[in-house]
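Enquirer: Contents are compact mmCIF, C-alpha atoms; file name my_file-v8.txt:
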```txt
# COMPACT_ATOMS: atom_id res chain seq x y z
CA MET A 1 92.52 158.93 134.44
CA ASN A 2 92.58 161.57 137.25
CA ARG A 3 95.60 163.60 138.29
CA ALA A 4 96.52 161.33 141.20
CA THR A 5 96.54 158.35 138.92
CA ARG A 6 98.65 160.14 136.35
CA ARG A 7 101.16 161.21 139.04
CA THR A 8 101.42 157.66 140.36
CA ALA A 9 101.89 156.30 136.88
CA SER A 10 104.63 158.79 136.16
CA ARG A 11 106.64 157.46 139.14
CA TRP A 12 106.59 153.80 137.84
CA PRO A 13 110.04 152.53 136.74
CA ALA A 14 110.53 152.33 133.00
CA THR A 15 111.05 148.57 133.27
CA SER A 16 107.58 148.21 134.81
CA GLY A 17 106.07 150.00 131.86
CA LEU A 18 107.84 147.68 129.45
CA ALA A 19 106.65 144.66 131.41
CA LEU A 20 103.05 145.91 131.21
CA VAL A 21 103.35 146.42 127.46
CA SER A 22 104.74 142.90 127.10
CA VAL A 23 101.90 141.38 129.11
CA LEU A 24 99.30 143.27 127.08
CA ALA A 25 100.95 142.25 123.83
CA LEU A 26 101.03 138.60 124.82
CA SER A 27 97.37 138.75 125.88
CA ALA A 28 96.42 140.32 122.56
CA CYS A 29 98.32 137.66 120.63
CA SER A 30 96.68 134.91 122.65
CA SER A 31 93.25 136.39 121.98
CA LEU A 32 93.89 136.67 118.26
CA ALA A 33 95.22 133.13 118.06
CA ASP A 34 92.05 131.59 119.52
CA PRO A 35 89.17 134.07 119.25
CA THR A 36 86.44 131.51 119.96
CA VAL A 37 87.63 130.46 123.41
CA GLN A 38 85.62 132.06 126.21
CA GLU A 39 84.10 131.00 129.47
CA GLY A 40 80.45 131.13 130.43
CA PRO A 41 77.32 131.00 128.22
CA TRP A 42 77.85 131.02 124.47
CA GLU A 43 75.80 131.26 121.31
CA PRO A 44 76.80 131.62 117.65
CA GLY A 45 77.71 135.14 116.66
CA ASP A 46 78.17 134.33 112.98
CA ASN A 47 76.95 131.90 110.32
CA VAL A 48 77.09 128.22 111.29
CA LYS A 49 78.50 125.64 108.88
CA LEU A 50 77.13 122.10 109.02
CA VAL A 51 79.64 119.89 107.23
CA ILE A 52 78.19 116.79 105.55
CA HIS A 53 80.77 114.05 105.20
CA ALA A 54 79.17 112.43 102.13
CA ASP A 55 77.99 113.24 98.62
CA ALA A 56 74.72 115.03 97.94
CA GLY A 57 71.61 112.87 97.72
CA GLY A 58 72.55 110.08 100.11
CA SER A 59 71.14 109.33 103.55
CA SER A 60 73.81 111.34 105.41
CA ASP A 61 73.25 114.31 103.12
CA LEU A 62 69.49 114.20 103.65
CA MET A 63 69.88 114.01 107.41
CA GLY A 64 72.38 116.87 107.54
CA ARG A 65 70.22 119.14 105.46
CA GLN A 66 67.15 118.27 107.50
CA ILE A 67 68.89 119.16 110.77
CA ALA A 68 70.27 122.40 109.29
CA ASP A 69 66.78 123.36 108.11
CA ILE A 70 65.19 122.61 111.49
CA LEU A 71 67.82 124.56 113.43
CA SER A 72 67.18 127.59 111.21
CA SER A 73 63.46 127.40 110.44
CA GLU A 74 62.48 126.67 114.04
CA ASP A 75 64.63 129.62 115.26
CA ILE A 76 66.64 127.28 117.46
CA VAL A 77 69.82 128.94 116.20
CA SER A 78 69.61 132.69 115.59
CA GLN A 79 72.34 132.63 112.92
CA PRO A 80 71.94 130.92 109.51
CA VAL A 81 72.94 127.24 109.46
CA SER A 82 74.35 126.29 106.06
CA PRO A 83 75.03 122.70 104.97
CA GLU A 84 78.26 122.07 103.05
CA ASN A 85 79.25 118.74 101.48
CA ARG A 86 82.87 117.65 101.95
CA PRO A 87 82.87 114.07 100.64
CA GLY A 88 85.89 111.86 100.13
CA GLY A 89 88.00 109.24 101.84
CA SER A 90 84.98 107.55 103.46
CA GLY A 91 84.50 110.63 105.64
CA ALA A 92 88.18 111.38 106.18
CA VAL A 93 88.09 114.61 104.16
CA ALA A 94 85.30 116.12 106.27
CA TYR A 95 86.61 114.95 109.63
CA THR A 96 90.17 116.05 108.89
CA TYR A 97 88.77 119.48 108.09
CA LEU A 98 86.77 119.43 111.33
CA LEU A 99 89.88 118.49 113.28
CA GLY A 100 91.50 121.70 112.07
CA GLN A 101 88.65 123.83 113.48
CA GLU A 102 89.66 123.41 117.12
CA GLY A 103 87.60 125.55 119.47
CA ASN A 104 85.33 126.78 116.67
CA GLY A 105 81.74 126.44 117.80
CA HIS A 106 80.48 127.71 114.44
CA VAL A 107 81.27 124.40 112.68
CA ILE A 108 79.53 121.06 113.28
CA ALA A 109 79.34 117.93 111.14
CA THR A 110 77.25 114.86 110.44
CA LEU A 111 78.24 111.52 111.95
CA SER A 112 77.60 108.02 110.60
CA SER A 113 79.36 104.67 110.83
CA SER A 114 82.21 105.79 108.54
CA TYR A 115 83.20 108.28 111.24
CA LEU A 116 84.41 105.22 113.16
CA THR A 117 85.11 102.51 110.59
CA THR A 118 87.53 104.59 108.51
CA ALA A 119 89.66 105.28 111.58
CA VAL A 120 89.42 101.71 112.91
CA GLN A 121 90.83 100.51 109.59
CA GLY A 122 93.78 102.88 109.97
CA LYS A 123 92.73 105.03 107.03
CA ALA A 124 92.63 108.29 109.00
CA ASP A 125 94.90 110.21 111.36
CA TYR A 126 92.23 110.64 114.02
CA THR A 127 89.85 108.70 116.26
CA TYR A 128 86.55 109.59 117.90
CA GLU A 129 88.52 110.76 120.96
CA ASP A 130 89.90 113.71 118.98
CA PHE A 131 86.46 115.33 118.58
CA THR A 132 83.52 116.61 120.60
CA ASN A 133 80.82 113.98 120.11
CA LEU A 134 77.72 116.11 120.59
CA ALA A 135 74.77 113.84 119.89
CA ILE A 136 73.41 110.61 118.48
CA LEU A 137 70.05 111.37 116.88
CA ALA A 138 68.93 108.13 115.30
CA SER A 139 70.00 104.68 114.19
CA ASP A 140 69.16 102.62 111.16
CA GLY A 141 69.66 99.07 110.05
CA LEU A 142 69.92 97.42 106.68
CA MET A 143 67.54 95.35 104.61
CA ILE A 144 68.69 92.09 103.07
CA ALA A 145 67.00 92.01 99.67
CA VAL A 146 66.81 90.04 96.45
CA SER A 147 65.20 90.74 93.10
CA ALA A 148 61.51 89.97 92.74
CA ASP A 149 62.19 86.98 90.50
CA SER A 150 64.76 85.45 92.86
CA PRO A 151 64.22 81.83 93.92
CA TYR A 152 64.86 82.85 97.54
CA GLU A 153 61.59 83.57 99.31
CA SER A 154 63.09 83.91 102.80
CA LEU A 155 66.37 84.45 104.60
CA ASP A 156 66.34 80.77 105.49
CA ASP A 157 66.14 79.89 101.76
CA LEU A 158 69.18 82.07 101.09
CA VAL A 159 71.20 80.66 103.98
CA THR A 160 70.37 77.07 103.04
CA ALA A 161 71.44 77.63 99.43
CA ALA A 162 74.67 79.37 100.53
CA LYS A 163 75.53 76.38 102.67
CA GLU A 164 74.77 73.87 99.94
CA ASN A 165 76.65 75.88 97.30
CA PRO A 166 79.61 77.52 99.07
CA GLY A 167 80.83 80.69 97.34
CA GLN A 168 78.30 80.40 94.53
CA ILE A 169 75.79 82.99 95.72
CA SER A 170 76.99 86.55 95.08
CA PHE A 171 76.42 89.25 97.68
CA GLY A 172 76.69 92.76 96.23
CA GLY A 173 77.90 95.72 98.25
CA THR A 174 80.24 98.67 98.51
CA GLN A 175 83.84 98.58 99.73
CA LEU A 176 84.94 96.04 102.32
CA GLY A 177 84.44 97.48 105.77
CA GLY A 178 81.19 99.17 104.83
CA ALA A 179 77.91 98.35 106.53
CA ASP A 180 76.76 95.99 103.77
CA SER A 181 79.97 93.93 103.96
CA ILE A 182 79.55 93.79 107.73
CA VAL A 183 76.05 92.33 107.33
CA ARG A 184 77.36 89.69 104.95
CA HIS A 185 80.06 88.82 107.51
CA LEU A 186 77.50 88.55 110.31
CA ILE A 187 75.26 86.27 108.23
CA GLU A 188 78.20 83.96 107.60
CA GLU A 189 79.32 84.10 111.22
CA GLN A 190 75.89 83.26 112.60
CA THR A 191 74.82 80.63 110.07
CA GLY A 192 77.90 79.08 108.51
CA ALA A 193 76.80 80.25 105.05
CA ASP A 194 79.48 81.02 102.43
CA LEU A 195 78.65 84.07 100.31
CA ASN A 196 80.79 85.53 97.53
CA TYR A 197 81.16 89.27 98.17
CA VAL A 198 81.24 91.49 95.06
CA SER A 199 82.09 95.16 95.67
CA PHE A 200 80.97 98.22 93.70
CA ASP A 201 81.76 101.93 93.91
CA GLY A 202 78.40 103.03 95.29
CA GLY A 203 74.92 102.03 96.36
CA SER A 204 73.28 102.87 93.04
CA GLU A 205 75.65 100.49 91.23
CA VAL A 206 74.86 97.78 93.77
CA ASN A 207 71.11 98.18 93.19
CA SER A 208 71.60 98.12 89.41
CA ALA A 209 73.66 94.95 89.69
CA LEU A 210 70.90 93.23 91.64
CA LEU A 211 68.16 94.33 89.24
CA GLY A 212 70.31 93.30 86.30
CA GLY A 213 70.89 89.82 87.68
CA ASN A 214 74.62 90.35 88.20
CA VAL A 215 74.44 89.63 91.95
CA ASP A 216 71.99 87.52 93.92
CA VAL A 217 71.49 89.50 97.14
CA ILE A 218 72.34 92.86 98.70
CA ALA A 219 72.08 94.62 102.08
CA ALA A 220 70.90 98.21 101.66
CA ASN A 221 69.64 101.16 103.62
CA PRO A 222 65.86 100.53 103.79
CA ALA A 223 64.90 104.07 102.80
CA GLU A 224 67.10 103.95 99.70
CA VAL A 225 65.39 100.80 98.33
CA GLN A 226 61.88 101.37 99.68
CA GLY A 227 60.64 102.58 96.30
CA LEU A 228 61.99 99.45 94.55
CA LEU A 229 60.34 97.31 97.20
CA GLU A 230 56.98 99.06 96.84
CA SER A 231 57.11 98.85 93.03
CA GLY A 232 57.56 95.09 93.26
CA ARG A 233 61.06 95.01 91.78
CA LEU A 234 62.73 93.87 95.00
CA ARG A 235 61.82 91.41 97.73
CA GLY A 236 62.91 92.11 101.30
CA LEU A 237 64.07 88.99 103.12
CA ALA A 238 64.90 90.55 106.48
CA VAL A 239 65.95 93.74 108.27
CA THR A 240 68.83 93.88 110.74
CA THR A 241 66.97 96.06 113.26
CA PRO A 242 65.81 94.71 116.65
CA GLU A 243 62.16 95.21 115.64
CA ARG A 244 60.28 95.45 112.35
CA LEU A 245 60.32 98.82 110.63
CA GLU A 246 56.93 100.48 110.54
CA GLY A 247 55.55 100.63 107.03
CA LEU A 248 57.60 97.68 105.75
CA ASP A 249 56.20 94.15 105.63
CA VAL A 250 59.65 92.65 106.14
CA PRO A 251 60.58 90.43 109.11
CA THR A 252 63.68 90.94 111.24
CA ALA A 253 66.61 88.56 110.91
CA LEU A 254 65.90 87.59 114.53
CA GLU A 255 62.39 86.52 113.54
CA GLU A 256 63.91 84.42 110.78
CA GLY A 257 66.02 82.54 113.30
CA VAL A 258 69.32 84.31 112.62
CA GLU A 259 70.97 86.02 115.61
CA LEU A 260 71.84 89.07 113.57
CA GLU A 261 71.22 92.58 114.83
CA PHE A 262 73.15 95.48 113.33
CA THR A 263 72.39 99.19 113.37
CA GLN A 264 74.35 102.31 112.46
CA ALA A 265 74.40 105.51 114.49
CA ARG A 266 73.61 108.88 112.95
CA GLY A 267 74.41 112.07 114.78
CA ILE A 268 76.36 115.30 115.10
CA VAL A 269 80.03 115.84 115.96
CA ALA A 270 81.98 119.05 116.58
CA PRO A 271 85.63 120.09 116.56
CA PRO A 272 87.87 119.42 119.56
CA GLY A 273 88.44 122.04 122.22
CA LEU A 274 84.94 123.48 122.59
CA THR A 275 84.25 125.41 125.76
CA GLU A 276 81.64 124.24 128.23
CA GLY A 277 79.36 127.04 127.02
CA GLN A 278 79.69 125.96 123.40
CA ARG A 279 78.97 122.33 124.26
CA GLU A 280 75.95 123.26 126.35
CA PHE A 281 74.55 125.44 123.57
CA TRP A 282 74.78 122.67 120.97
CA ASN A 283 73.50 119.99 123.33
CA GLU A 284 70.40 122.06 124.05
CA ALA A 285 69.90 123.11 120.41
CA ILE A 286 70.17 119.56 119.07
CA THR A 287 67.86 118.23 121.79
CA GLU A 288 65.28 120.86 120.87
CA ALA A 289 65.60 120.03 117.17
CA ALA A 290 65.08 116.32 117.88
CA GLN A 291 61.81 117.09 119.64
CA THR A 292 60.22 118.92 116.71
CA GLN A 293 57.42 117.40 114.63
CA GLN A 294 59.53 118.07 111.54
CA TRP A 295 62.25 115.72 112.82
CA GLN A 296 59.75 113.06 113.87
CA ASP A 297 58.23 113.14 110.37
CA TYR A 298 61.70 112.83 108.87
CA LEU A 299 62.42 109.72 110.96
CA ASP A 300 59.16 108.09 109.86
CA THR A 301 59.65 108.91 106.18
CA ASN A 302 63.21 107.62 106.14
CA LEU A 303 62.60 104.50 108.23
CA LEU A 304 65.00 105.62 110.96
CA MET A 305 64.71 104.67 114.62
CA GLU A 306 64.73 107.48 117.17
CA ASP A 307 67.79 107.00 119.37
CA LEU A 308 68.65 110.26 121.14
CA HIS A 309 71.83 110.53 123.22
CA VAL A 310 73.33 113.92 124.03
CA GLY A 311 76.49 115.14 125.76
CA GLU A 312 78.12 112.54 128.01
CA GLN A 313 75.60 109.92 126.86
CA ALA A 314 76.66 110.54 123.26
CA GLU A 315 80.34 110.20 124.19
CA ALA A 316 79.64 106.86 125.89
CA TYR A 317 77.54 105.67 122.94
CA VAL A 318 80.30 106.48 120.44
CA GLU A 319 82.89 104.76 122.61
CA ALA A 320 80.77 101.59 122.65
CA GLU A 321 80.30 101.79 118.86
CA TRP A 322 84.07 102.10 118.45
CA ALA A 323 84.59 98.90 120.44
CA LYS A 324 81.96 97.15 118.29
CA TYR A 325 83.70 98.10 115.06
CA VAL A 326 87.12 97.16 116.42
CA ASP A 327 85.81 93.62 116.98
CA ILE A 328 84.18 93.49 113.55
CA MET A 329 87.22 94.79 111.68
CA ASP A 330 89.44 92.35 113.56
CA ALA A 331 87.19 89.52 112.39
CA LEU A 332 87.26 90.83 108.80
CA GLY A 333 91.03 91.24 108.87
CA LEU A 334 90.65 94.97 108.22
CA ARG A 335 91.83 96.41 111.54
CA GLY A 336 94.47 99.10 111.05
CA GLU A 337 97.54 99.58 113.14
CA GLY A 338 97.49 101.83 116.19
```
Would you mind writing the structure in this file as structure tokens?

Expert:
Amino acid sequence: MNRATRRTASRWPATSGLALVSVLALSACSSLADPTVQEGPWEPGDNVKLVIHADAGGSSDLMGRQIADILSSEDIVSQPVSPENRPGGSGAVAYTYLLGQEGNGHVIATLSSSYLTTAVQGKADYTYEDFTNLAILASDGLMIAVSADSPYESLDDLVTAAKENPGQISFGGTQLGGADSIVRHLIEEQTGADLNYVSFDGGSEVNSALLGGNVDVIAANPAEVQGLLESGRLRGLAVTTPERLEGLDVPTALEEGVELEFTQARGIVAPPGLTEGQREFWNEAITEAAQTQQWQDYLDTNLLMEDLHVGEQAEAYVEAEWAKYVDIMDALGLRGEG
């Protein structure tokens, strides 16, 4: 500061000096309270955490780890991207944590159907509108399957038997409201069949129950039962995708004469309150990751359908999915209040 400046400053009233100190103090406090908020271009300046809303080993875990690896190994993100499992509450544990990271562009999370269904059922204190829905990367359906020694050779065989013997054919799955219970509901809705739903704690228990003859039919993620299908222990009756899955000799439900099409979205969600620069960075990074050969190979191996929607398109996609699940949960009597 030169002499003229110092002389001018010395003539300021004392109250003006106090006001300046107060303004600076308030600005400092505001900056400390929300250090991530800034305008203009942005990129991570520290490690990135990719929260996986499910247990290790499942389809959501595999997808999250694959995306984290691509973002790092392809140098799309200059900082390390570390996956971290936060299972529990059908996704509620992870998404509640994410909700508390407002404005933090260094945390993103995996998204699957439970992101919506848990909230639609009133089991969470959030909805999709509370987050930044960055991208939908893929979608997958389910495969309706029976054991290899089952008398049901086709979906039509199963439906016919379920009509002739109401409530006598057991349909194994996870908790009510999950994707497998939704497929059972849609079969009944479209055909008039009456299936007895038997719930288990997890997918591995469902598969064991089918192989052990304790249930008659299941609806499972195709990639998770592909090995059992290829070994000849299971028979696929139909898939719920709009077209056949490459590498599987299993017809669609539509081909079998049942108007049943059901897929689940898989993507990436971020905390609320991201700046435009943070959103743009992640939209571009995720788009680049989805265009890599590594991601294309992952989709093929895991029988997923490429279904890329980013930014505003992702927001619109999630909104439409929410409306779909509201209708389904209403029909199942599982819609929560609010």

Enquirer: With distances taken over all atoms listed in the file, which of A:Ser181, A:Gln293, A:Gln79, A:Ser147 is nearest to Leu228 of chain A?

Expert: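 Smallest distance to Leu228 of chain A is found for A:Ser147.
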
Enquirer: If you count only C-alpha atoms, which residues fall within 7 Å of Phe200 of chain A, apart from same-chain ones fewer than 2 positions away, as JSON, numbers by chain?

Expert: {"A": [173, 174, 175, 198, 202, 205, 206]}

Enquirer: Include C-alpha atoms and write out the residues we just selected as an mmCIF file, in the coordinates of the input.

Expert:
```cif
data_model
loop_
_atom_site.group_PDB
_atom_site.id
_atom_site.type_symbol
_atom_site.label_atom_id
_atom_site.label_comp_id
_atom_site.auth_asym_id
_atom_site.auth_seq_id
_atom_site.Cartn_x
_atom_site.Cartn_y
_atom_site.Cartn_z
ATOM 1 C CA GLY A 173 77.900 95.720 98.250
ATOM 2 C CA THR A 174 80.240 98.670 98.510
ATOM 3 C CA GLN A 175 83.840 98.580 99.730
ATOM 4 C CA VAL A 198 81.240 91.490 95.060
ATOM 5 C CA GLY A 202 78.400 103.030 95.290
ATOM 6 C CA GLU A 205 75.650 100.490 91.230
ATOM 7 C CA VAL A 206 74.860 97.780 93.770
#
```

Enquirer: Just checking: using all atoms listed in the file, which residue out of A:Leu134, A:Gln66, A:Asn207, A:Thr96 ends up closest to Leu308 of chain A?

Expert: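 Ranking A:Leu134, A:Gln66, A:Asn207, A:Thr96 by distance to Leu308 of chain A, first place goes to A:Leu134.
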
Enquirer: Pick from A:Ile182, A:Val93, A:Gln291, A:Ser78: nearest to Asp327 of chain A, with all atoms listed in the file counted?

Expert: A:Ile182

Enquirer: Rank nothing, just name the residue among A:Ile268, A:Leu176, A:Val250, A:Ala162 nearest to Thr117 of chain A, using all atoms listed in the file.

Expert: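 Of all the options, A:Leu176 lies closest to Thr117 of chain A.
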
Enquirer: Give me the residues within 9 Å of Glu259 of chain A as a PDB file with C-alpha atoms, in the frame of the given file, counting all atoms listed in the file and dropping any in the same chain fewer than 6 places off.

Expert:
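Result saved to selection24.pdb:
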```pdb
ATOM      1  CA  LEU A 186      77.500  88.550 110.310  1.00  0.00           C
ATOM      2  CA  ILE A 187      75.260  86.270 108.230  1.00  0.00           C
ATOM      3  CA  GLN A 190      75.890  83.260 112.600  1.00  0.00           C
ATOM      4  CA  THR A 191      74.820  80.630 110.070  1.00  0.00           C
ATOM      5  CA  ALA A 253      66.610  88.560 110.910  1.00  0.00           C
TER       6      ALA A 253
END
```

Enquirer: In the coordinate frame of the file, compute which residues have an atom within 10 Å of (67.8, 84.9, 111.0) when using all atoms listed in the file, and state them as a list of chain:residue names.

Expert: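 Taken together, the residues in range are A:Ser154, A:Leu155, A:Asp156, A:Val159, A:Ile187, A:Gln190, A:Thr191, A:Leu237, A:Ala238, A:Val239, A:Thr240, A:Pro251, A:Thr252, A:Ala253, A:Leu254, A:Glu255, A:Glu256, A:Gly257, A:Val258, A:Glu259, A:Leu260, A:Glu261.
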
Enquirer: Would you be able to write out as an mmCIF file with C-alpha atoms, in the coordinates of the input which residues have an atom within 12 Å of (78.6, 92.8, 113.8) in the file's coordinates, counting only C-alpha atoms?

Expert:
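Output file part-v1.cif follows:
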```
data_model
loop_
_atom_site.group_PDB
_atom_site.id
_atom_site.type_symbol
_atom_site.label_atom_id
_atom_site.label_comp_id
_atom_site.auth_asym_id
_atom_site.auth_seq_id
_atom_site.Cartn_x
_atom_site.Cartn_y
_atom_site.Cartn_z
ATOM 1 C CA GLY A 141 69.660 99.070 110.050
ATOM 2 C CA GLY A 177 84.440 97.480 105.770
ATOM 3 C CA GLY A 178 81.190 99.170 104.830
ATOM 4 C CA ALA A 179 77.910 98.350 106.530
ATOM 5 C CA ASP A 180 76.760 95.990 103.770
ATOM 6 C CA SER A 181 79.970 93.930 103.960
ATOM 7 C CA ILE A 182 79.550 93.790 107.730
ATOM 8 C CA VAL A 183 76.050 92.330 107.330
ATOM 9 C CA ARG A 184 77.360 89.690 104.950
ATOM 10 C CA HIS A 185 80.060 88.820 107.510
ATOM 11 C CA LEU A 186 77.500 88.550 110.310
ATOM 12 C CA ILE A 187 75.260 86.270 108.230
ATOM 13 C CA GLU A 188 78.200 83.960 107.600
ATOM 14 C CA GLU A 189 79.320 84.100 111.220
ATOM 15 C CA GLN A 190 75.890 83.260 112.600
ATOM 16 C CA THR A 240 68.830 93.880 110.740
ATOM 17 C CA GLU A 259 70.970 86.020 115.610
ATOM 18 C CA LEU A 260 71.840 89.070 113.570
ATOM 19 C CA GLU A 261 71.220 92.580 114.830
ATOM 20 C CA PHE A 262 73.150 95.480 113.330
ATOM 21 C CA THR A 263 72.390 99.190 113.370
ATOM 22 C CA GLN A 264 74.350 102.310 112.460
ATOM 23 C CA GLU A 321 80.300 101.790 118.860
ATOM 24 C CA TRP A 322 84.070 102.100 118.450
ATOM 25 C CA ALA A 323 84.590 98.900 120.440
ATOM 26 C CA LYS A 324 81.960 97.150 118.290
ATOM 27 C CA TYR A 325 83.700 98.100 115.060
ATOM 28 C CA VAL A 326 87.120 97.160 116.420
ATOM 29 C CA ASP A 327 85.810 93.620 116.980
ATOM 30 C CA ILE A 328 84.180 93.490 113.550
ATOM 31 C CA MET A 329 87.220 94.790 111.680
ATOM 32 C CA ASP A 330 89.440 92.350 113.560
ATOM 33 C CA ALA A 331 87.190 89.520 112.390
ATOM 34 C CA LEU A 332 87.260 90.830 108.800
#
```

Enquirer: Separation of atom CA of Gly212 of chain A and atom CA of Glu153 of chain A, in Å?

Expert: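 Computing the Euclidean distance for atom CA of Gly212 of chain A and atom CA of Glu153 of chain A yields 18.4 Å.
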
Enquirer: Between atom CA of Glu246 of chain A and atom CA of Val318 of chain A, what is the spacing in Å?

Expert: 26.1 Å

Enquirer: Please provide as a list in words all residues within 7 Å of Thr110 of chain A, with the sequence filter that same-chain residues fewer than 5 positions apart are discarded (counting all atoms listed in the file).

Expert: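 Residues meeting the cut-off are Val51, Ile52, His53, Gly64, Gly267, Ile268 and Val269 of chain A.
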
Enquirer: Using only the atoms of segment 194-204 of chain A listed in the file, plus 8 Å on each side, state the axis-aligned box centre and edge lengths in Å rounded to one decimal, as AutoDock Vina command-line options.

Expert:
```
--center_x 77.7 --center_y 92.0 --center_z 97.7 --size_x 24.8 --size_y 38.0 --size_z 25.4
```

Enquirer: For atom CA of Ala290 of chain A and atom CA of Trp42 of chain A, determine how far apart the two atoms are, in Å to one decimal place.

Expert: 20.6 Å

Enquirer: List the spatial neighbours of Tyr317 of chain A as a PyMOL selection string - criterion: any atom at most 10 Å away, all atoms listed in the file, same-chain residues fewer than 4 positions off excluded.

Expert: chain A and resi 133+135-136+265+309-313+321-322

Enquirer: With distances taken over only C-alpha atoms, which residue among A:Gly103, A:Gly213, A:Gly88, A:Pro166 lies nearest Thr275 of chain A?

Expert: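 Looking at the shortest contact to Thr275 of chain A, the residue is A:Gly103.
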
Enquirer: When distances are computed from all atoms listed in the file, which of A:Val77, A:Met143, A:Tyr97, A:Asn214 shows the smallest separation from Ala124 of chain A?

Expert: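 Distance minimum relative to Ala124 of chain A lands on A:Tyr97.
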
Enquirer: Write out as a PyMOL selection string each polymer residue whose atoms come within 9 Å of Glu319 of chain A, counting all atoms listed in the file; drop sequence neighbours fewer than 5 positions from it.

Expert: chain A and resi 128-129+314+324
